[in-house]
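Notes for the one structure printed next.
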Amino acid sequence: MDYQSTRGIQRKITASQAIIQGLACDGGLFVPEEFPILTNEDWTFIQHTSYPNRAKRILKKFLDFTDEEIDYCVNGAYNEKNFDTPEMAPLVFLHDSLAIQELWHGPTCAFKDMALQILPYLLTVSAKKNKEKNEIVILVATSGDTGKAALEGFKDVSGTKIVVFFPEQGVSQVQKQQMVTQTGKNVMVAAIRGNFDDAQNAVKKIFNDKEIAEDLAKNHIQLSSANSINWGRLLPQIVYYISACATFQQKGMQEEINIVVPTGNFGNILAAYYAKKLGAPIHRLICASNSNKVLTDFIRTGTYDRNRLFEKTISPSMDILISSNLERLLYDLTDQDGEKISEWMRQLSTEGRYTVDRKTLEKIQALFWAGYADDAMTYKTIAQVWRDDHYLLDTHTAVAYHVYQQYRKETNDTRTTLIASTASPFKFAGSVVKAIMGETAIQKTDEFTLLKKLSEATNLPIPQGLRDLDQRPVLHTTVVNKEEISPVLMDYLQIKKD
Ligand SMILES: *Cc1c(COP(=O)(O)O)cnc(C)c1O
């Protein structure tokens, strides 16, 4: 199976080439030219086997890898050294008709581990296959979760280096401590004086700088990115939705389910859509946003409009106004009309908005439903679910839970539902403590103390990845101005200007 660009210009390439390249030359994203349909035999196999075996069966359909290569990737990523449960992505049933899929049992306690634990393997195998001799340097600007998950995934992976820039003022105390205590021989972490946009723009500049690219090429270095525009990050996410459906079937549930996903860049919910395309019994995909509700408005009206105030919320990983992966959905729903997609994306970059045609909107609304929760609703939902079900939600998952309730009320659809839970409540301990114990409980208290407080109040253990965080030695102390990013990077890579 080959991969093509959503803008329709770049020629088709193999899966391994798409994973190395990341973004297509025409600015588009890589997608498979066609999607396989799982057979009855596939489903029977998947129902009765482990998560790693489920992953192998599905990945095999999408990659130009040998069985041995797939085994190597999956076994390296999904094991009990990296995840604190053999199920990898366990389902917790709150009621007969509501299950939460906990996607945060990996090393950094957020769902990004599900993809970033395996991406380094997919990338290094792809590089070997294509006789790529250059060293791969992963360059990341992070607002918190991606940076740490990428560091954990790529640390000590031979043939790679990982460099992460985070905004000094823009991440939580816990997130910062997770990154500055990072171990590994091939890692560099630096804070930038500025906000996330400053970090992101500085990194983008490096990616687009021809002179830097030449210097790197001369030194046998290939820059690459670990964000969700890469097919290698999306593919592993399809697996857990198929896996959840198989678990439902195993329990004797035959009917279609709804899936609610707390959404930012549209990657996670797109993976659920792809699972449906593969034949998984999924009815509605419910897109949950926080106050940055560009997607809610888009799915309801057909107009995508990023011209609005950016809001900082208590679900920061969803604070996004440009959801890059939406492009892949639109490409699929327009029957792969690369010209149309190019035009909409051009309008998005020049005017900040575009409107899809009626036929496309009808298709979107037949598949998706959308709602949002602001911070007040999010706090309320965490408190309510803790009180009524004795289950502790993080802020992102609480947004999804609120939208799930909204959907049932407005549509009377009572189908069995799966909510994708994207982070451990401990990762956002401050907001969660405030939700269940009130404002006074967090006053004059640092985040490390709050972790302990939350554990004591709920009787839940602090996850391994966050335990004793304040005791670990700080290994990275570099703080740079945004103009200094590129010299600092060149210095780390030992590249001398001639
Ligand atoms: C990244 C992230 C999201 C958003 O996922 P997308 O794939 O960008 O839609 C939601 N919740 C958490 C905790 C995240 O880290």
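Going by the structure tokens order, chains are called A, B, ..., each with residues numbered from 1, while ligands are numbered from 1 in the order shown.
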
Pick out the residues sitting within 8 Å of segment 388-405 of chain A, and hand them over as a VMD selection string; count only C-alpha atoms, and ignore anything fewer than 2 positions along from it in its own chain. chain A and resid 94 260 to 262 286 to 290 314 to 315 317 to 318 370 to 374 377 to 379 381 to 382 384 to 386 407 to 409 419 to 428 431 to 432

I'd like to know which residues of segment 246-365 of chain A are strand (DSSP E or B) (by DSSP, run on the backbone); could you write them as an MDAnalysis selection string? chainID A and resid 257:262 282:289 303:305 353:355

Residue contacts of Ala271 of chain A (12 Å, only C-alpha atoms) excluding same-chain residues fewer than 2 positions away, as an NGL selection string: :A and (31 or 115 or 228 or 231-242 or 259 or 261 or 263 or 265-269 or 273-278 or 280 or 285 or 325-326 or 328-329 or 420)

Could you list, as a count of residues only, every residue within 8 Å of Leu63 of chain A, counting only C-alpha atoms and ignoring same-chain residues fewer than 6 positions away? 3

Need the shell around segment 210-223 of chain A: protein/DNA/RNA residues with any atom at most 10 Å away, counting only C-alpha atoms. Skip same-chain ones fewer than 3 positions apart. Format as a PDB file with C-alpha atoms, in the first residue's frame?
```
ATOM      1  CA  ILE A  20      10.845   9.416   7.476  1.00  0.00           C
ATOM      2  CA  GLN A  21       9.621  12.395   5.479  1.00  0.00           C
ATOM      3  CA  GLU A 132      19.126   6.386   5.179  1.00  0.00           C
ATOM      4  CA  LYS A 133      22.683   6.933   6.438  1.00  0.00           C
ATOM      5  CA  ASN A 134      22.054  10.237   8.174  1.00  0.00           C
ATOM      6  CA  GLU A 135      21.542  10.519  11.881  1.00  0.00           C
ATOM      7  CA  ILE A 136      17.953  11.505  12.669  1.00  0.00           C
ATOM      8  CA  VAL A 137      17.531  14.510  14.938  1.00  0.00           C
ATOM      9  CA  ILE A 138      14.037  14.978  16.330  1.00  0.00           C
ATOM     10  CA  LEU A 139      13.317  18.622  17.013  1.00  0.00           C
ATOM     11  CA  GLY A 159      20.940   6.621  15.307  1.00  0.00           C
ATOM     12  CA  THR A 160      18.811   9.393  16.789  1.00  0.00           C
ATOM     13  CA  LYS A 161      19.079  12.524  18.912  1.00  0.00           C
ATOM     14  CA  ILE A 162      16.194  14.371  20.478  1.00  0.00           C
ATOM     15  CA  LYS A 205      12.074  28.630  11.334  1.00  0.00           C
ATOM     16  CA  ILE A 206      14.804  26.028  11.728  1.00  0.00           C
ATOM     17  CA  PHE A 207      12.789  23.487   9.726  1.00  0.00           C
ATOM     18  CA  SER A 486      19.619  27.823  16.202  1.00  0.00           C
ATOM     19  CA  MET A 490      24.202  23.760  16.116  1.00  0.00           C
ATOM     20  CA  LEU A 493      25.123  18.903  17.236  1.00  0.00           C
ATOM     21  CA  GLN A 494      28.787  20.051  17.040  1.00  0.00           C
ATOM     22  CA  ILE A 495      28.317  21.724  13.692  1.00  0.00           C
ATOM     23  CA  LYS A 496      30.835  24.421  12.872  1.00  0.00           C
ATOM     24  CA  LYS A 497      29.943  27.185  10.447  1.00  0.00           C
ATOM     25  CA  ASP A 498      32.494  27.632   7.654  1.00  0.00           C
TER      26      ASP A 498
END
```

One residue among A:Glu34, A:Asp156, A:Asp319, A:Asp84 is nearest to ligand 1 when using only C-alpha atoms and all ligand atoms, and that residue is A:Asp319

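Neighbouring residues of segment 173-176 of chain A at 10 Å or closer, counting only C-alpha atoms and skipping chain neighbours under 6 positions away, are Thr108, Ser143, Gly144, Asp145, Gly147, Lys148, Phe166, Pro167, Ala191, Phe426, Lys427, Phe428, Ala429, Asp446, Glu447, Phe448, Leu451, Leu466, Leu469 and Asp470 of chain A.
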
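Atom CA of Val187 of chain A sits 29.5 Å away from atom CA of Glu87 of chain A.
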
Could you please write out, as an MDAnalysis selection string, every residue of segment 41-257 of chain A that DSSP assigns to helix (DSSP H, G or I)? chainID A and resid 41:47 51:60 67:77 112:116 119:129 145:154 173:180 196:208 210:218 231:250

I need the residues from that last selection saved to file as an mmCIF file, in the first residue's frame (with C-alpha atoms), if you can.
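In the end it all went to again09.cif:
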```
data_model
loop_
_atom_site.group_PDB
_atom_site.id
_atom_site.type_symbol
_atom_site.label_atom_id
_atom_site.label_comp_id
_atom_site.auth_asym_id
_atom_site.auth_seq_id
_atom_site.Cartn_x
_atom_site.Cartn_y
_atom_site.Cartn_z
ATOM 1 C CA GLU A 41 -10.786 -13.885 10.566
ATOM 2 C CA ASP A 42 -8.959 -10.723 11.684
ATOM 3 C CA TRP A 43 -11.691 -9.946 14.221
ATOM 4 C CA THR A 44 -11.709 -13.446 15.652
ATOM 5 C CA PHE A 45 -7.951 -13.317 16.046
ATOM 6 C CA ILE A 46 -7.983 -9.827 17.565
ATOM 7 C CA GLN A 47 -10.745 -10.700 20.061
ATOM 8 C CA TYR A 51 -2.734 -5.898 22.979
ATOM 9 C CA PRO A 52 0.711 -6.334 21.362
ATOM 10 C CA ASN A 53 -0.676 -9.047 19.053
ATOM 11 C CA ARG A 54 -3.626 -6.836 18.155
ATOM 12 C CA ALA A 55 -1.154 -4.078 17.286
ATOM 13 C CA LYS A 56 0.940 -6.404 15.108
ATOM 14 C CA ARG A 57 -2.083 -7.601 13.123
ATOM 15 C CA ILE A 58 -3.222 -4.050 12.367
ATOM 16 C CA LEU A 59 0.175 -2.427 11.760
ATOM 17 C CA LYS A 60 1.032 -5.151 9.264
ATOM 18 C CA ASP A 67 6.911 -9.663 10.289
ATOM 19 C CA GLU A 68 10.214 -9.604 12.170
ATOM 20 C CA GLU A 69 10.427 -5.822 11.890
ATOM 21 C CA ILE A 70 6.862 -5.397 13.149
ATOM 22 C CA ASP A 71 7.522 -7.765 16.060
ATOM 23 C CA TYR A 72 10.637 -5.781 16.954
ATOM 24 C CA CYS A 73 8.751 -2.458 16.967
ATOM 25 C CA VAL A 74 5.686 -3.663 18.889
ATOM 26 C CA ASN A 75 7.601 -5.727 21.451
ATOM 27 C CA GLY A 76 9.986 -2.828 22.089
ATOM 28 C CA ALA A 77 7.131 -0.395 22.756
ATOM 29 C CA LYS A 112 0.809 10.517 23.651
ATOM 30 C CA ASP A 113 2.900 7.629 25.008
ATOM 31 C CA MET A 114 0.673 5.196 23.062
ATOM 32 C CA ALA A 115 2.216 6.524 19.837
ATOM 33 C CA LEU A 116 5.515 8.028 20.993
ATOM 34 C CA LEU A 119 7.449 5.948 16.838
ATOM 35 C CA PRO A 120 11.240 5.718 17.430
ATOM 36 C CA TYR A 121 11.123 2.051 16.397
ATOM 37 C CA LEU A 122 8.994 2.766 13.316
ATOM 38 C CA LEU A 123 11.340 5.598 12.379
ATOM 39 C CA THR A 124 14.641 3.753 12.835
ATOM 40 C CA VAL A 125 13.378 0.647 10.995
ATOM 41 C CA SER A 126 12.114 2.899 8.186
ATOM 42 C CA ALA A 127 15.497 4.622 8.000
ATOM 43 C CA LYS A 128 17.351 1.301 7.774
ATOM 44 C CA LYS A 129 14.953 0.018 5.083
ATOM 45 C CA ASP A 145 2.900 16.660 27.059
ATOM 46 C CA THR A 146 4.480 15.991 23.656
ATOM 47 C CA GLY A 147 7.992 17.037 24.698
ATOM 48 C CA LYS A 148 8.235 14.652 27.627
ATOM 49 C CA ALA A 149 6.585 11.782 25.742
ATOM 50 C CA ALA A 150 9.003 12.254 22.815
ATOM 51 C CA LEU A 151 12.001 12.403 25.204
ATOM 52 C CA GLU A 152 10.963 9.141 26.868
ATOM 53 C CA GLY A 153 10.401 7.506 23.481
ATOM 54 C CA PHE A 154 13.662 8.541 21.840
ATOM 55 C CA GLN A 173 5.772 22.873 37.453
ATOM 56 C CA VAL A 174 5.303 19.112 37.062
ATOM 57 C CA GLN A 175 5.743 19.218 33.284
ATOM 58 C CA LYS A 176 8.914 21.312 33.621
ATOM 59 C CA GLN A 177 10.376 19.003 36.260
ATOM 60 C CA GLN A 178 9.573 15.966 34.070
ATOM 61 C CA MET A 179 11.648 17.475 31.251
ATOM 62 C CA VAL A 180 14.619 18.997 33.106
ATOM 63 C CA PHE A 196 4.676 28.487 23.415
ATOM 64 C CA ASP A 197 4.194 30.428 20.169
ATOM 65 C CA ASP A 198 7.744 31.817 20.474
ATOM 66 C CA ALA A 199 9.113 28.292 20.924
ATOM 67 C CA GLN A 200 6.996 26.896 18.087
ATOM 68 C CA ASN A 201 7.881 29.685 15.655
ATOM 69 C CA ALA A 202 11.593 29.438 16.416
ATOM 70 C CA VAL A 203 11.530 25.697 15.741
ATOM 71 C CA LYS A 204 9.482 26.104 12.538
ATOM 72 C CA LYS A 205 12.074 28.630 11.334
ATOM 73 C CA ILE A 206 14.804 26.028 11.728
ATOM 74 C CA PHE A 207 12.789 23.487 9.726
ATOM 75 C CA ASN A 208 12.323 25.996 6.892
ATOM 76 C CA LYS A 210 17.684 26.246 3.690
ATOM 77 C CA GLU A 211 21.128 27.251 4.965
ATOM 78 C CA ILE A 212 20.674 25.225 8.135
ATOM 79 C CA ALA A 213 19.404 22.268 6.094
ATOM 80 C CA GLU A 214 22.591 22.371 3.994
ATOM 81 C CA ASP A 215 24.847 22.555 7.041
ATOM 82 C CA LEU A 216 23.024 19.613 8.569
ATOM 83 C CA ALA A 217 23.149 17.550 5.375
ATOM 84 C CA LYS A 218 26.924 18.133 5.140
ATOM 85 C CA TRP A 231 1.713 9.021 9.906
ATOM 86 C CA GLY A 232 3.867 7.039 12.317
ATOM 87 C CA ARG A 233 2.123 8.758 15.205
ATOM 88 C CA LEU A 234 -1.407 8.335 13.901
ATOM 89 C CA LEU A 235 -1.255 4.648 12.967
ATOM 90 C CA PRO A 236 -0.567 3.293 16.499
ATOM 91 C CA GLN A 237 -3.629 5.214 17.707
ATOM 92 C CA ILE A 238 -5.987 3.276 15.404
ATOM 93 C CA VAL A 239 -4.975 0.119 17.278
ATOM 94 C CA TYR A 240 -6.505 1.023 20.653
ATOM 95 C CA TYR A 241 -9.908 1.826 19.183
ATOM 96 C CA ILE A 242 -10.008 -1.514 17.353
ATOM 97 C CA SER A 243 -8.775 -3.135 20.550
ATOM 98 C CA ALA A 244 -11.611 -1.526 22.572
ATOM 99 C CA CYS A 245 -14.239 -2.721 20.063
ATOM 100 C CA ALA A 246 -12.794 -6.238 20.209
ATOM 101 C CA THR A 247 -13.003 -6.188 24.006
ATOM 102 C CA PHE A 248 -16.671 -5.141 23.784
ATOM 103 C CA GLN A 249 -17.341 -8.011 21.364
ATOM 104 C CA GLN A 250 -15.570 -10.420 23.645
#
```

Using only C-alpha atoms and all ligand atoms, which of the listed residues (A:Val356, A:Ile282, A:Val164, A:Leu103) sits closest to ligand 1? A:Leu103

Please provide as a ChimeraX atom specification all residues within 6 Å of segment 330-345 of chain A, with the sequence filter that same-chain residues fewer than 3 positions apart are discarded (counting only C-alpha atoms). /A:6-8,327,348,354

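A straight line drawn from atom CA of Phe35 of chain A to atom CA of Phe62 of chain A is 8.4 Å long.
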
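Proximity ranking of A:Gln101, A:Ser158, A:Thr355, A:Thr181 relative to Met88 of chain A places A:Gln101 first, based on only C-alpha atoms.
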
One decimal, Å: what's the distance from atom CA of Thr477 of chain A over to atom CA of Thr445 of chain A, could you say? 23.8 Å
